[in-house]
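coords.txt follows (compact mmCIF, C-alpha atoms):
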# COMPACT_ATOMS: atom_id res chain seq x y z
CA MET S 1 -65.79 -1.22 -26.74
CA ASN S 2 -65.81 1.61 -24.24
CA ASN S 3 -63.97 -0.66 -21.77
CA GLU S 4 -61.25 -1.36 -24.35
CA LYS S 5 -60.87 2.36 -25.00
CA SER S 6 -60.59 3.00 -21.27
CA ILE S 7 -57.93 0.33 -20.88
CA VAL S 8 -55.96 1.70 -23.83
CA ALA S 9 -56.31 5.25 -22.50
CA GLY S 10 -55.14 4.07 -19.07
CA MET S 11 -52.11 2.37 -20.53
CA ILE S 12 -51.22 5.45 -22.55
CA SER S 13 -51.57 7.59 -19.44
CA LEU S 14 -49.38 5.20 -17.44
CA VAL S 15 -46.68 5.20 -20.11
CA PHE S 16 -46.88 8.99 -20.32
CA VAL S 17 -46.61 9.45 -16.55
CA THR S 18 -43.71 6.96 -16.35
CA ALA S 19 -41.90 8.78 -19.16
CA VAL S 20 -42.40 12.13 -17.46
CA ILE S 21 -41.13 10.81 -14.12
CA THR S 22 -38.11 9.22 -15.78
CA PHE S 23 -37.37 12.45 -17.62
CA ILE S 24 -37.66 14.53 -14.47
CA LEU S 25 -35.45 12.16 -12.47
CA THR S 26 -32.84 12.08 -15.21
CA PHE S 27 -32.97 15.85 -15.59
CA PHE S 28 -32.47 16.53 -11.90
CA LEU S 29 -29.81 13.80 -11.55
CA PHE S 30 -27.92 15.12 -14.53
CA ASN S 31 -28.10 18.70 -13.32
CA GLY S 32 -26.91 17.78 -9.84
CA PHE S 33 -30.07 18.67 -7.93
CA ASN S 34 -31.21 17.07 -4.70
CA LEU S 35 -34.01 14.60 -5.45
CA MET S 36 -34.93 13.21 -2.04
CA GLY S 37 -33.27 15.31 0.61
CA SER S 38 -29.61 15.92 1.32
CA GLY S 39 -29.01 12.31 2.42
CA ASN S 40 -30.48 10.54 -0.59
CA ASN S 41 -29.40 12.29 -3.74
CA VAL S 42 -26.93 11.16 -6.37
CA SER S 43 -25.62 13.90 -8.63
CA PHE S 44 -23.33 14.40 -11.57
CA ASP S 45 -21.71 17.56 -12.85
CA LYS S 46 -23.34 18.32 -16.21
CA LYS S 47 -20.11 20.01 -17.33
CA GLU S 48 -18.18 16.78 -16.82
CA VAL S 49 -20.66 13.97 -17.58
CA ASP S 50 -22.54 13.41 -20.83
CA LYS S 51 -26.32 13.28 -20.53
CA GLU S 52 -26.24 10.00 -22.46
CA SER S 53 -24.02 8.43 -19.81
CA VAL S 54 -26.45 9.34 -17.04
CA GLU S 55 -29.35 7.97 -19.07
CA LYS S 56 -27.44 4.75 -19.70
CA PHE S 57 -26.69 4.45 -15.99
CA ASN S 58 -30.40 4.68 -15.19
CA GLN S 59 -31.34 2.31 -18.01
CA ILE S 60 -28.91 -0.38 -16.88
CA LYS S 61 -29.98 0.02 -13.26
CA GLY S 62 -33.61 -0.41 -14.35
CA ILE S 63 -32.88 -3.44 -16.53
CA LEU S 64 -30.99 -5.18 -13.76
CA LYS S 65 -33.67 -4.41 -11.19
CA ASN S 66 -36.54 -5.55 -13.39
CA THR S 67 -35.13 -8.44 -15.40
CA TYR S 68 -32.37 -10.08 -13.32
CA TYR S 69 -33.55 -13.57 -12.40
CA ASP S 70 -33.01 -13.13 -8.65
CA LYS S 71 -33.90 -10.43 -6.16
CA VAL S 72 -31.71 -7.36 -6.54
CA ASP S 73 -30.29 -5.53 -3.52
CA GLU S 74 -29.95 -1.94 -4.70
CA ASN S 75 -27.62 -1.06 -1.83
CA LYS S 76 -25.20 -3.74 -3.01
CA MET S 77 -25.52 -2.47 -6.56
CA LEU S 78 -24.61 1.01 -5.34
CA GLU S 79 -21.64 -0.39 -3.40
CA GLY S 80 -20.51 -2.06 -6.62
CA ALA S 81 -20.85 1.20 -8.51
CA ILE S 82 -18.71 2.95 -5.91
CA THR S 83 -16.07 0.23 -6.21
CA GLY S 84 -16.22 0.64 -9.97
CA MET S 85 -15.45 4.35 -9.66
CA THR S 86 -12.17 3.66 -7.88
CA ASP S 87 -11.29 0.75 -10.17
CA ALA S 88 -11.80 3.00 -13.20
CA LEU S 89 -8.85 5.14 -12.10
CA LYS S 90 -6.54 2.13 -12.62
CA ASP S 91 -4.51 3.16 -9.58
CA PRO S 92 -3.68 0.10 -7.42
CA TYR S 93 -3.38 2.37 -4.37
CA THR S 94 -6.84 3.97 -4.66
CA VAL S 95 -9.37 1.57 -3.17
CA TYR S 96 -12.90 1.59 -1.76
CA PHE S 97 -13.33 -0.50 1.41
CA THR S 98 -16.57 -2.05 2.57
CA LYS S 99 -17.20 -2.03 6.32
CA GLU S 100 -15.49 -5.39 6.75
CA GLN S 101 -12.56 -4.44 4.53
CA MET S 102 -12.12 -1.12 6.33
CA SER S 103 -12.03 -2.91 9.68
CA SER S 104 -9.23 -5.13 8.42
CA PHE S 105 -7.34 -2.21 6.90
CA SER S 106 -7.63 -0.20 10.11
CA GLU S 107 -5.85 -2.90 12.05
CA ARG S 108 -2.62 -1.82 10.39
CA THR S 109 0.45 -3.48 11.74
CA GLU S 110 0.04 -3.72 15.50
CA GLY S 111 2.71 -6.34 16.06
CA GLU S 112 0.37 -9.29 16.61
CA TYR S 113 -2.27 -10.87 14.44
CA VAL S 114 -3.54 -14.27 13.31
CA GLY S 115 -2.30 -15.21 9.87
CA ILE S 116 0.53 -17.03 8.13
CA GLY S 117 3.40 -14.58 8.77
CA MET S 118 4.90 -12.87 5.75
CA ASN S 119 5.87 -9.49 4.35
CA VAL S 120 4.28 -8.63 0.99
CA ILE S 121 4.17 -5.89 -1.63
CA MET S 122 2.13 -5.18 -4.75
CA ASP S 123 4.38 -5.52 -7.80
CA ASN S 124 4.13 -3.20 -10.81
CA ASP S 125 1.53 -5.50 -12.37
CA GLY S 126 -0.68 -5.29 -9.28
CA ILE S 127 0.03 -8.86 -8.12
CA LEU S 128 0.64 -9.46 -4.41
CA THR S 129 4.23 -10.66 -4.12
CA ILE S 130 6.01 -12.14 -1.12
CA VAL S 131 8.98 -10.16 0.11
CA GLU S 132 9.75 -12.39 3.06
CA ALA S 133 8.24 -15.28 5.00
CA PHE S 134 9.00 -14.70 8.68
CA GLU S 135 11.29 -17.14 10.42
CA GLY S 136 9.30 -19.87 12.19
CA SER S 137 6.01 -18.73 10.63
CA PRO S 138 3.44 -20.99 8.94
CA ALA S 139 4.34 -19.31 5.62
CA LYS S 140 8.00 -20.18 6.10
CA LYS S 141 7.23 -23.75 7.11
CA ALA S 142 5.00 -24.16 4.04
CA GLY S 143 7.90 -23.18 1.80
CA LEU S 144 6.80 -19.71 0.69
CA THR S 145 9.72 -17.56 -0.35
CA GLN S 146 10.61 -14.16 -1.82
CA GLY S 147 9.24 -13.60 -5.30
CA ASP S 148 6.29 -15.99 -4.97
CA LYS S 149 3.17 -14.32 -6.37
CA ILE S 150 -0.18 -14.96 -4.69
CA ILE S 151 -2.77 -15.66 -7.36
CA LYS S 152 -5.56 -17.41 -5.41
CA VAL S 153 -6.82 -17.57 -1.83
CA ASP S 154 -9.15 -20.46 -0.99
CA GLY S 155 -9.64 -21.01 -4.70
CA LYS S 156 -10.64 -17.40 -5.46
CA ASP S 157 -8.58 -15.53 -8.05
CA VAL S 158 -7.07 -12.43 -6.40
CA THR S 159 -5.02 -11.11 -9.32
CA SER S 160 -7.68 -8.48 -10.05
CA ILE S 161 -7.67 -7.17 -6.44
CA LYS S 162 -5.34 -4.19 -6.44
CA ASP S 163 -5.00 -3.51 -2.72
CA GLU S 164 -2.83 -5.80 -0.64
CA ASN S 165 -4.93 -5.27 2.48
CA LEU S 166 -7.97 -6.88 0.91
CA ILE S 167 -6.03 -10.01 0.00
CA ILE S 168 -4.32 -10.08 3.39
CA LYS S 169 -7.78 -10.01 5.01
CA MET S 170 -8.69 -13.12 3.03
CA ILE S 171 -5.52 -14.86 4.22
CA LYS S 172 -6.03 -13.91 7.86
CA GLY S 173 -8.63 -15.68 9.97
CA LYS S 174 -9.22 -17.59 13.17
CA GLU S 175 -6.29 -19.31 14.83
CA ASN S 176 -5.69 -22.96 13.85
CA THR S 177 -7.93 -22.77 10.77
CA THR S 178 -6.61 -23.60 7.30
CA VAL S 179 -6.26 -21.30 4.30
CA LYS S 180 -5.41 -22.52 0.81
CA VAL S 181 -2.91 -20.23 -0.90
CA THR S 182 -2.08 -20.64 -4.58
CA ILE S 183 1.16 -19.02 -5.64
CA TYR S 184 2.96 -18.66 -8.94
CA ARG S 185 6.71 -19.19 -8.62
CA PRO S 186 8.49 -17.42 -11.52
CA SER S 187 11.79 -19.22 -10.91
CA GLU S 188 10.08 -22.57 -11.55
CA GLU S 189 7.41 -21.26 -13.96
CA LYS S 190 4.62 -23.11 -12.19
CA SER S 191 1.71 -22.65 -9.81
CA ILE S 192 1.67 -24.33 -6.39
CA ASP S 193 -1.29 -24.97 -4.04
CA LEU S 194 -0.49 -24.86 -0.33
CA ASP S 195 -2.75 -25.57 2.66
CA ILE S 196 -1.45 -23.44 5.53
CA ILE S 197 -2.67 -23.39 9.13
CA ARG S 198 -3.13 -19.88 10.54
CA LYS S 199 -1.29 -19.05 13.76
CA LYS S 200 -0.83 -16.06 16.02
CA ILE S 201 2.02 -14.00 14.59
CA LYS S 202 4.16 -11.69 16.71
CA VAL S 203 6.04 -9.21 14.55
CA SER S 204 8.95 -7.00 15.51
CA ASN S 205 9.43 -4.50 12.70
CA ILE S 206 12.67 -2.95 13.92
CA LYS S 207 15.75 -4.92 14.92
CA TRP S 208 19.09 -3.62 16.04
CA GLU S 209 22.53 -4.73 17.21
CA MET S 210 26.07 -3.45 17.73
CA LEU S 211 28.53 -4.85 15.20
CA GLU S 212 32.28 -5.23 15.59
CA GLY S 213 34.05 -1.89 15.69
CA ASN S 214 31.14 -0.15 17.40
CA ILE S 215 29.13 0.03 14.19
CA GLY S 216 25.43 0.23 14.91
CA TYR S 217 23.00 -1.71 12.74
CA ILE S 218 19.25 -1.01 12.58
CA ARG S 219 16.98 -2.96 10.25
CA ILE S 220 13.52 -1.55 9.56
CA LEU S 221 11.16 -4.21 8.20
CA MET S 222 8.22 -1.81 7.94
CA PHE S 223 7.32 1.69 9.06
CA ASP S 224 4.40 0.82 11.31
CA ASN S 225 2.64 3.09 13.81
CA ASP S 226 5.39 2.59 16.40
CA ALA S 227 8.35 2.88 14.02
CA TYR S 228 9.76 6.12 15.38
CA SER S 229 9.41 5.02 18.99
CA TYR S 230 11.36 1.82 18.38
CA PHE S 231 13.90 3.50 16.09
CA SER S 232 14.60 6.16 18.70
CA ARG S 233 15.00 3.48 21.37
CA ALA S 234 17.38 1.51 19.15
CA LEU S 235 19.48 4.53 18.26
CA ASN S 236 19.74 5.72 21.86
CA GLU S 237 20.83 2.25 23.06
CA LEU S 238 23.50 2.08 20.36
CA LEU S 239 24.73 5.58 21.19
CA ASP S 240 24.96 4.65 24.88
CA LYS S 241 27.13 1.68 23.90
CA GLY S 242 29.62 3.92 22.10
CA LEU S 243 28.37 3.88 18.49
CA LYS S 244 30.87 5.25 15.95
CA GLY S 245 28.89 4.74 12.75
CA LEU S 246 25.43 3.52 11.69
CA ILE S 247 23.99 1.20 9.06
CA ILE S 248 20.25 1.48 8.40
CA ASP S 249 18.87 -1.47 6.46
CA VAL S 250 15.59 -0.87 4.58
CA ARG S 251 16.04 -3.67 2.07
CA ASP S 252 12.77 -5.55 1.54
CA ASP S 253 10.91 -2.80 3.45
CA PRO S 254 7.64 -2.06 1.57
CA GLY S 255 7.04 1.24 3.38
CA GLY S 256 4.29 2.20 5.80
CA ASP S 257 3.35 5.28 7.79
CA TYR S 258 4.37 8.58 6.18
CA GLU S 259 4.44 10.55 9.45
CA GLN S 260 6.60 7.92 11.15
CA VAL S 261 9.30 8.01 8.50
CA VAL S 262 9.31 11.80 8.60
CA GLU S 263 10.01 11.68 12.35
CA ILE S 264 12.85 9.21 11.83
CA ALA S 265 14.35 11.40 9.10
CA ASP S 266 14.05 14.44 11.38
CA ARG S 267 16.13 12.60 13.99
CA LEU S 268 18.92 12.02 11.47
CA LEU S 269 19.03 15.04 9.16
CA PRO S 270 20.22 18.61 9.64
CA LYS S 271 17.81 21.52 9.58
CA GLY S 272 16.06 21.68 6.23
CA LEU S 273 13.62 19.98 3.90
CA ILE S 274 12.91 16.26 4.42
CA VAL S 275 10.26 15.70 1.76
CA TYR S 276 7.42 17.57 0.13
CA THR S 277 4.19 16.61 -1.58
CA GLU S 278 2.19 18.17 -4.39
CA ASP S 279 -1.49 17.53 -5.09
CA LYS S 280 -3.37 17.90 -8.39
CA ASN S 281 -3.53 21.67 -7.89
CA LYS S 282 0.23 21.89 -7.28
CA LYS S 283 -0.41 22.72 -3.62
CA ARG S 284 2.84 21.97 -1.81
CA ASP S 285 3.16 20.56 1.71
CA GLU S 286 6.66 20.47 3.18
CA LYS S 287 8.07 18.38 6.02
CA LEU S 288 11.06 19.99 7.71
CA SER S 289 13.73 18.79 10.11
CA ASP S 290 14.97 20.75 13.10
CA ASP S 291 18.54 21.57 14.21
CA ARG S 292 19.13 18.18 15.82
CA GLN S 293 20.96 15.71 13.60
CA PHE S 294 22.92 12.47 13.68
CA GLY S 295 26.62 13.23 13.85
CA TYR S 296 28.27 9.96 12.79
CA PRO S 297 29.00 8.25 9.45
CA MET S 298 25.94 6.53 8.02
CA ALA S 299 25.10 4.02 5.29
CA VAL S 300 21.64 2.97 4.08
CA LEU S 301 21.10 -0.45 2.51
CA VAL S 302 18.45 -0.51 -0.24
CA ASN S 303 17.14 -2.87 -2.90
CA GLY S 304 14.29 -3.29 -5.37
CA ASN S 305 11.83 -4.04 -2.57
CA SER S 306 12.59 -0.82 -0.68
CA ALA S 307 9.44 1.19 -1.36
CA SER S 308 7.41 4.22 -0.34
CA ALA S 309 8.44 5.32 3.18
CA SER S 310 11.78 3.53 2.70
CA GLU S 311 12.37 5.76 -0.30
CA VAL S 312 11.38 8.90 1.60
CA LEU S 313 14.12 8.15 4.12
CA SER S 314 16.68 7.03 1.55
CA GLY S 315 16.04 9.98 -0.77
CA ALA S 316 16.32 12.54 2.03
CA ILE S 317 19.57 11.07 3.36
CA LYS S 318 21.04 10.95 -0.14
CA ASP S 319 20.03 14.51 -1.04
CA HIS S 320 21.38 15.89 2.24
CA GLN S 321 24.58 13.87 1.73
CA LYS S 322 24.28 12.50 5.24
CA GLY S 323 25.13 8.95 4.22
CA LYS S 324 25.73 6.60 1.32
CA LEU S 325 23.02 4.47 -0.26
CA ILE S 326 24.37 0.99 -0.92
CA GLY S 327 22.69 -1.83 -2.85
CA THR S 328 20.39 -1.68 -5.87
CA LYS S 329 17.76 0.72 -7.21
CA THR S 330 14.66 1.09 -5.04
CA PHE S 331 11.10 0.14 -6.00
CA GLY S 332 9.78 3.52 -7.14
CA LYS S 333 6.56 4.33 -5.24
CA GLY S 334 6.31 8.09 -4.92
CA LEU S 335 2.59 8.42 -4.20
CA VAL S 336 0.87 9.44 -0.98
CA GLN S 337 -2.52 8.08 0.09
CA GLN S 338 -5.16 9.50 2.41
CA VAL S 339 -7.80 7.41 4.14
CA TYR S 340 -11.40 8.55 4.63
CA GLY S 341 -13.81 6.80 6.98
CA PHE S 342 -17.61 6.93 6.64
CA LYS S 343 -20.49 6.64 9.09
CA ASP S 344 -21.39 3.11 8.03
CA GLY S 345 -17.86 1.86 8.73
CA SER S 346 -16.76 1.79 5.09
CA GLY S 347 -13.78 3.76 3.86
CA LEU S 348 -11.77 5.07 0.96
CA LYS S 349 -8.02 5.05 0.45
CA VAL S 350 -7.13 7.46 -2.31
CA THR S 351 -3.90 8.70 -3.82
CA VAL S 352 -3.92 12.43 -3.10
CA SER S 353 -0.45 13.58 -4.05
CA ARG S 354 3.04 12.74 -5.21
CA TYR S 355 6.03 13.18 -2.97
CA PHE S 356 9.37 14.66 -3.91
CA THR S 357 12.83 14.30 -2.42
CA PRO S 358 14.49 17.50 -1.13
CA SER S 359 16.19 18.00 -4.53
CA GLY S 360 12.78 17.97 -6.26
CA LYS S 361 12.78 14.44 -7.69
CA CYS S 362 9.58 12.39 -7.84
CA ILE S 363 10.63 8.75 -7.91
CA GLN S 364 7.23 7.28 -8.89
CA GLY S 365 7.92 4.45 -11.35
CA ILE S 366 11.62 5.34 -11.34
CA GLY S 367 13.16 4.54 -7.97
CA ILE S 368 16.33 5.87 -6.37
CA GLU S 369 19.75 4.85 -7.63
CA PRO S 370 22.21 3.93 -4.85
CA ASP S 371 25.51 5.76 -4.48
CA LEU S 372 27.30 2.42 -4.48
CA LYS S 373 25.58 -0.18 -6.66
CA ILE S 374 26.16 -3.66 -5.30
CA GLU S 375 24.21 -6.67 -6.58
CA SER S 376 23.57 -9.68 -4.37
CA LEU S 377 25.49 -12.83 -5.22
CA ASP S 378 23.73 -14.79 -7.97
CA GLU S 379 23.07 -17.71 -5.63
CA TYR S 380 21.08 -15.40 -3.32
CA LYS S 381 19.50 -13.15 -5.95
CA ASP S 382 15.95 -14.30 -5.19
CA TYR S 383 16.40 -14.70 -1.43
CA PRO S 384 14.91 -12.34 1.16
CA VAL S 385 17.61 -10.37 2.94
CA SER S 386 16.95 -12.17 6.22
CA HIS S 387 17.81 -15.50 4.59
CA ILE S 388 21.19 -14.46 3.23
CA PRO S 389 24.05 -15.56 5.51
CA ARG S 390 26.01 -12.58 6.78
CA GLU S 391 29.23 -13.91 5.28
CA LYS S 392 27.50 -14.05 1.87
CA ASP S 393 25.70 -10.71 2.11
CA VAL S 394 27.99 -8.59 -0.08
CA GLN S 395 25.78 -5.49 0.27
CA PHE S 396 25.96 -5.66 4.05
CA LYS S 397 29.74 -6.24 3.94
CA LYS S 398 30.19 -3.23 1.67
CA ALA S 399 28.25 -1.06 4.12
CA VAL S 400 30.43 -2.25 7.01
CA ASP S 401 33.60 -1.54 5.00
CA TYR S 402 32.35 1.92 4.12
CA ILE S 403 31.62 2.84 7.74
CA LYS S 404 35.01 1.48 8.84
CA GLU S 405 36.74 3.71 6.30
CA GLN S 406 34.84 6.74 7.58
CA VAL S 407 35.67 6.22 11.27
CA LYS S 408 39.42 5.73 10.82
Show me this structure written as structure tokens.
Amino acid sequence: MNNEKSIVAGMISLVFVTAVITFILTFFLFNGFNLMGSGNNVSFDKKEVDKESVEKFNQIKGILKNTYYDKVDENKMLEGAITGMTDALKDPYTVYFTKEQMSSFSERTEGEYVGIGMNVIMDNDGILTIVEAFEGSPAKKAGLTQGDKIIKVDGKDVTSIKDENLIIKMIKGKENTTVKVTIYRPSEEKSIDLDIIRKKIKVSNIKWEMLEGNIGYIRILMFDNDAYSYFSRALNELLDKGLKGLIIDVRDDPGGDYEQVVEIADRLLPKGLIVYTEDKNKKRDEKLSDDRQFGYPMAVLVNGNSASASEVLSGAIKDHQKGKLIGTKTFGKGLVQQVYGFKDGSGLKVTVSRYFTPSGKCIQGIGIEPDLKIESLDEYKDYPVSHIPREKDVQFKKAVDYIKEQVK
């Protein structure tokens, strides 16, 4: 009898001690105190988070740890919780990267990689959409074309992944290996499975040439880390050849490096405001151009796939009345992201501000209307710009005609 009483008393004591410990942990966690040293605490602001939410967090963590049928890795659970925090914002541009994902993201566009060779953009529904399959690339040979939406990679649904870099990492791999890409083609209203062999891709993101009548033409496919260097080289070569007017083509350009586009705009615009950003506290950061400016007639070709950095350049040129925007309304991405790297190699890309054109317009979700609205011919409506024959590219022809009128 005494033994039974001792056992019962022991159990009561254990339950009591466990309850006290749980209470203390929850109390300190909720109140934002350090539990285990500065490197091991998790805290919440009691002014922002309900006590019940913290308790539920601990309860679910405990249930999963104690009742899940397989061994639970608490570090992976915490990684998942961190991912959940960014997902909860429902911002496709705010993303947590694991170490592997951060490594892929950090590659950026360096001009050469192993993949299938295509330009992509996240559409407004957060689905990775092909802007262009590069000429001679595995993607082009497989039949991928503008407007195709990537819904699976190697059988895994990627429609819930809201950062293009994560999906691109899945598509990239070792040279001469095969990746299965499932796309949805809206024009045919069907899904297509394609087995594509990865190859080494060499990308040139800026192309230029001198057109008839000494009209310079520079096409920017993407504002990568070397964009200003190549743009400056292109412009100087064209000027040396006697340039009289310039066409800048940012159609199908999904954007890229903010600082690079600012430098390009500085090369073209007169002294004044290029772009400014505002964060959640209305703190304003301005980018200004110096006295140097481009002194010849200019036209900028834009379309619905001209996004982000392309819109920074287009909006600044339009507001300064330094050239005419020709084509169709731009994509409408007016958000700026900042990337944070952590000691373990992981990272966070987070939207930190909105940007505004010099006239004070934020084009997020709106886009920029061209000065001269010109639609592509119906037969080429769904074609990437690079696949439209020059003689059928009515937007390009309009830009040439405009520059010719200006240099008479």
Contacts of Thr182 of chain S at 9 Å or less, counting only C-alpha atoms, minus same-chain residues fewer than 2 places along, as an mmCIF file with C-alpha atoms, in the frame of the given file?
data_model
loop_
_atom_site.group_PDB
_atom_site.id
_atom_site.type_symbol
_atom_site.label_atom_id
_atom_site.label_comp_id
_atom_site.auth_asym_id
_atom_site.auth_seq_id
_atom_site.Cartn_x
_atom_site.Cartn_y
_atom_site.Cartn_z
ATOM 1 C CA LYS S 149 3.170 -14.320 -6.370
ATOM 2 C CA ILE S 150 -0.180 -14.960 -4.690
ATOM 3 C CA ILE S 151 -2.770 -15.660 -7.360
ATOM 4 C CA LYS S 152 -5.560 -17.410 -5.410
ATOM 5 C CA VAL S 153 -6.820 -17.570 -1.830
ATOM 6 C CA ASP S 154 -9.150 -20.460 -0.990
ATOM 7 C CA GLY S 155 -9.640 -21.010 -4.700
ATOM 8 C CA ASP S 157 -8.580 -15.530 -8.050
ATOM 9 C CA LYS S 180 -5.410 -22.520 0.810
ATOM 10 C CA TYR S 184 2.960 -18.660 -8.940
ATOM 11 C CA SER S 191 1.710 -22.650 -9.810
ATOM 12 C CA ILE S 192 1.670 -24.330 -6.390
ATOM 13 C CA ASP S 193 -1.290 -24.970 -4.040
ATOM 14 C CA LEU S 194 -0.490 -24.860 -0.330
ATOM 15 C CA ASP S 195 -2.750 -25.570 2.660
#
May I have the residues within 12 Å of Gly341 of chain S as a PDB file with C-alpha atoms, keeping the file's coordinate frame, using all atoms listed in the file and disregarding those fewer than 3 positions away in the same chain?
ATOM      1  CA  TYR S  96     -12.900   1.590  -1.760  1.00  0.00           C
ATOM      2  CA  PHE S  97     -13.330  -0.500   1.410  1.00  0.00           C
ATOM      3  CA  THR S  98     -16.570  -2.050   2.570  1.00  0.00           C
ATOM      4  CA  LYS S  99     -17.200  -2.030   6.320  1.00  0.00           C
ATOM      5  CA  GLN S 101     -12.560  -4.440   4.530  1.00  0.00           C
ATOM      6  CA  MET S 102     -12.120  -1.120   6.330  1.00  0.00           C
ATOM      7  CA  SER S 103     -12.030  -2.910   9.680  1.00  0.00           C
ATOM      8  CA  PHE S 105      -7.340  -2.210   6.900  1.00  0.00           C
ATOM      9  CA  SER S 106      -7.630  -0.200  10.110  1.00  0.00           C
ATOM     10  CA  GLN S 338      -5.160   9.500   2.410  1.00  0.00           C
ATOM     11  CA  ASP S 344     -21.390   3.110   8.030  1.00  0.00           C
ATOM     12  CA  GLY S 345     -17.860   1.860   8.730  1.00  0.00           C
ATOM     13  CA  SER S 346     -16.760   1.790   5.090  1.00  0.00           C
ATOM     14  CA  GLY S 347     -13.780   3.760   3.860  1.00  0.00           C
ATOM     15  CA  LEU S 348     -11.770   5.070   0.960  1.00  0.00           C
ATOM     16  CA  LYS S 349      -8.020   5.050   0.450  1.00  0.00           C
ATOM     17  CA  VAL S 350      -7.130   7.460  -2.310  1.00  0.00           C
TER      18      VAL S 350
END
Exercise for review: Compare S:Gly242, S:Gly136, S:Gly334, S:Gly80 by their minimum atom-to-atom distance to Cys362 of chain S, counting all atoms listed in the file, and give me the closest one.
Suggested key: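 Going through S:Gly242, S:Gly136, S:Gly334, S:Gly80 one by one, the smallest distance to Cys362 of chain S is for S:Gly334.
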Point to revise | Spatial neighbours of Ala307 of chain S, 7 Å, all atoms listed in the file, chain gap at least 6 places, as a list in words | key: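 Close residues of Ala307 of chain S: Asp253, Pro254, Gly255, Thr330, Phe331, Gly332 and Lys333 of chain S.
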Practice item. Find the residues around segment 212-224 of chain S up to 9 Å (only C-alpha atoms counted), leave out those fewer than 3 positions away in its own chain, and share them as JSON, numbers by chain. Key: {"S": [108, 109, 110, 111, 119, 204, 205, 206, 207, 208, 209, 227, 228, 231, 234, 235, 238, 239, 241, 242, 243, 244, 245, 246, 247, 248, 249, 250, 251, 252, 253, 254, 255, 256, 257, 258, 260, 261, 309, 310, 400, 403, 404]}
Write a file of the selected residues as a PDB file, in the coordinates of the input, keeping C-alpha atoms.
ATOM      1  CA  ARG S 108      -2.620  -1.820  10.390  1.00  0.00           C
ATOM      2  CA  THR S 109       0.450  -3.480  11.740  1.00  0.00           C
ATOM      3  CA  GLU S 110       0.040  -3.720  15.500  1.00  0.00           C
ATOM      4  CA  GLY S 111       2.710  -6.340  16.060  1.00  0.00           C
ATOM      5  CA  ASN S 119       5.870  -9.490   4.350  1.00  0.00           C
ATOM      6  CA  SER S 204       8.950  -7.000  15.510  1.00  0.00           C
ATOM      7  CA  ASN S 205       9.430  -4.500  12.700  1.00  0.00           C
ATOM      8  CA  ILE S 206      12.670  -2.950  13.920  1.00  0.00           C
ATOM      9  CA  LYS S 207      15.750  -4.920  14.920  1.00  0.00           C
ATOM     10  CA  TRP S 208      19.090  -3.620  16.040  1.00  0.00           C
ATOM     11  CA  GLU S 209      22.530  -4.730  17.210  1.00  0.00           C
ATOM     12  CA  ALA S 227       8.350   2.880  14.020  1.00  0.00           C
ATOM     13  CA  TYR S 228       9.760   6.120  15.380  1.00  0.00           C
ATOM     14  CA  PHE S 231      13.900   3.500  16.090  1.00  0.00           C
ATOM     15  CA  ALA S 234      17.380   1.510  19.150  1.00  0.00           C
ATOM     16  CA  LEU S 235      19.480   4.530  18.260  1.00  0.00           C
ATOM     17  CA  LEU S 238      23.500   2.080  20.360  1.00  0.00           C
ATOM     18  CA  LEU S 239      24.730   5.580  21.190  1.00  0.00           C
ATOM     19  CA  LYS S 241      27.130   1.680  23.900  1.00  0.00           C
ATOM     20  CA  GLY S 242      29.620   3.920  22.100  1.00  0.00           C
ATOM     21  CA  LEU S 243      28.370   3.880  18.490  1.00  0.00           C
ATOM     22  CA  LYS S 244      30.870   5.250  15.950  1.00  0.00           C
ATOM     23  CA  GLY S 245      28.890   4.740  12.750  1.00  0.00           C
ATOM     24  CA  LEU S 246      25.430   3.520  11.690  1.00  0.00           C
ATOM     25  CA  ILE S 247      23.990   1.200   9.060  1.00  0.00           C
ATOM     26  CA  ILE S 248      20.250   1.480   8.400  1.00  0.00           C
ATOM     27  CA  ASP S 249      18.870  -1.470   6.460  1.00  0.00           C
ATOM     28  CA  VAL S 250      15.590  -0.870   4.580  1.00  0.00           C
ATOM     29  CA  ARG S 251      16.040  -3.670   2.070  1.00  0.00           C
ATOM     30  CA  ASP S 252      12.770  -5.550   1.540  1.00  0.00           C
ATOM     31  CA  ASP S 253      10.910  -2.800   3.450  1.00  0.00           C
ATOM     32  CA  PRO S 254       7.640  -2.060   1.570  1.00  0.00           C
ATOM     33  CA  GLY S 255       7.040   1.240   3.380  1.00  0.00           C
ATOM     34  CA  GLY S 256       4.290   2.200   5.800  1.00  0.00           C
ATOM     35  CA  ASP S 257       3.350   5.280   7.790  1.00  0.00           C
ATOM     36  CA  TYR S 258       4.370   8.580   6.180  1.00  0.00           C
ATOM     37  CA  GLN S 260       6.600   7.920  11.150  1.00  0.00           C
ATOM     38  CA  VAL S 261       9.300   8.010   8.500  1.00  0.00           C
ATOM     39  CA  ALA S 309       8.440   5.320   3.180  1.00  0.00           C
ATOM     40  CA  SER S 310      11.780   3.530   2.700  1.00  0.00           C
ATOM     41  CA  VAL S 400      30.430  -2.250   7.010  1.00  0.00           C
ATOM     42  CA  ILE S 403      31.620   2.840   7.740  1.00  0.00           C
ATOM     43  CA  LYS S 404      35.010   1.480   8.840  1.00  0.00           C
TER      44      LYS S 404
END
**Study point:** Pick from S:Lys398, S:Asp45, S:Ala81, S:Leu372, whichever lies nearest to Phe57 of chain S using all atoms listed in the file
**Key:** S:Ala81
Check your understanding: Which residue, S:Thr178, S:Thr94, S:Ser386, S:Asn305, has the smallest gap to Asn165 of chain S when you use only C-alpha atoms?
Key ->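 Nearest candidate to Asn165 of chain S out of S:Thr178, S:Thr94, S:Ser386, S:Asn305: S:Thr94.
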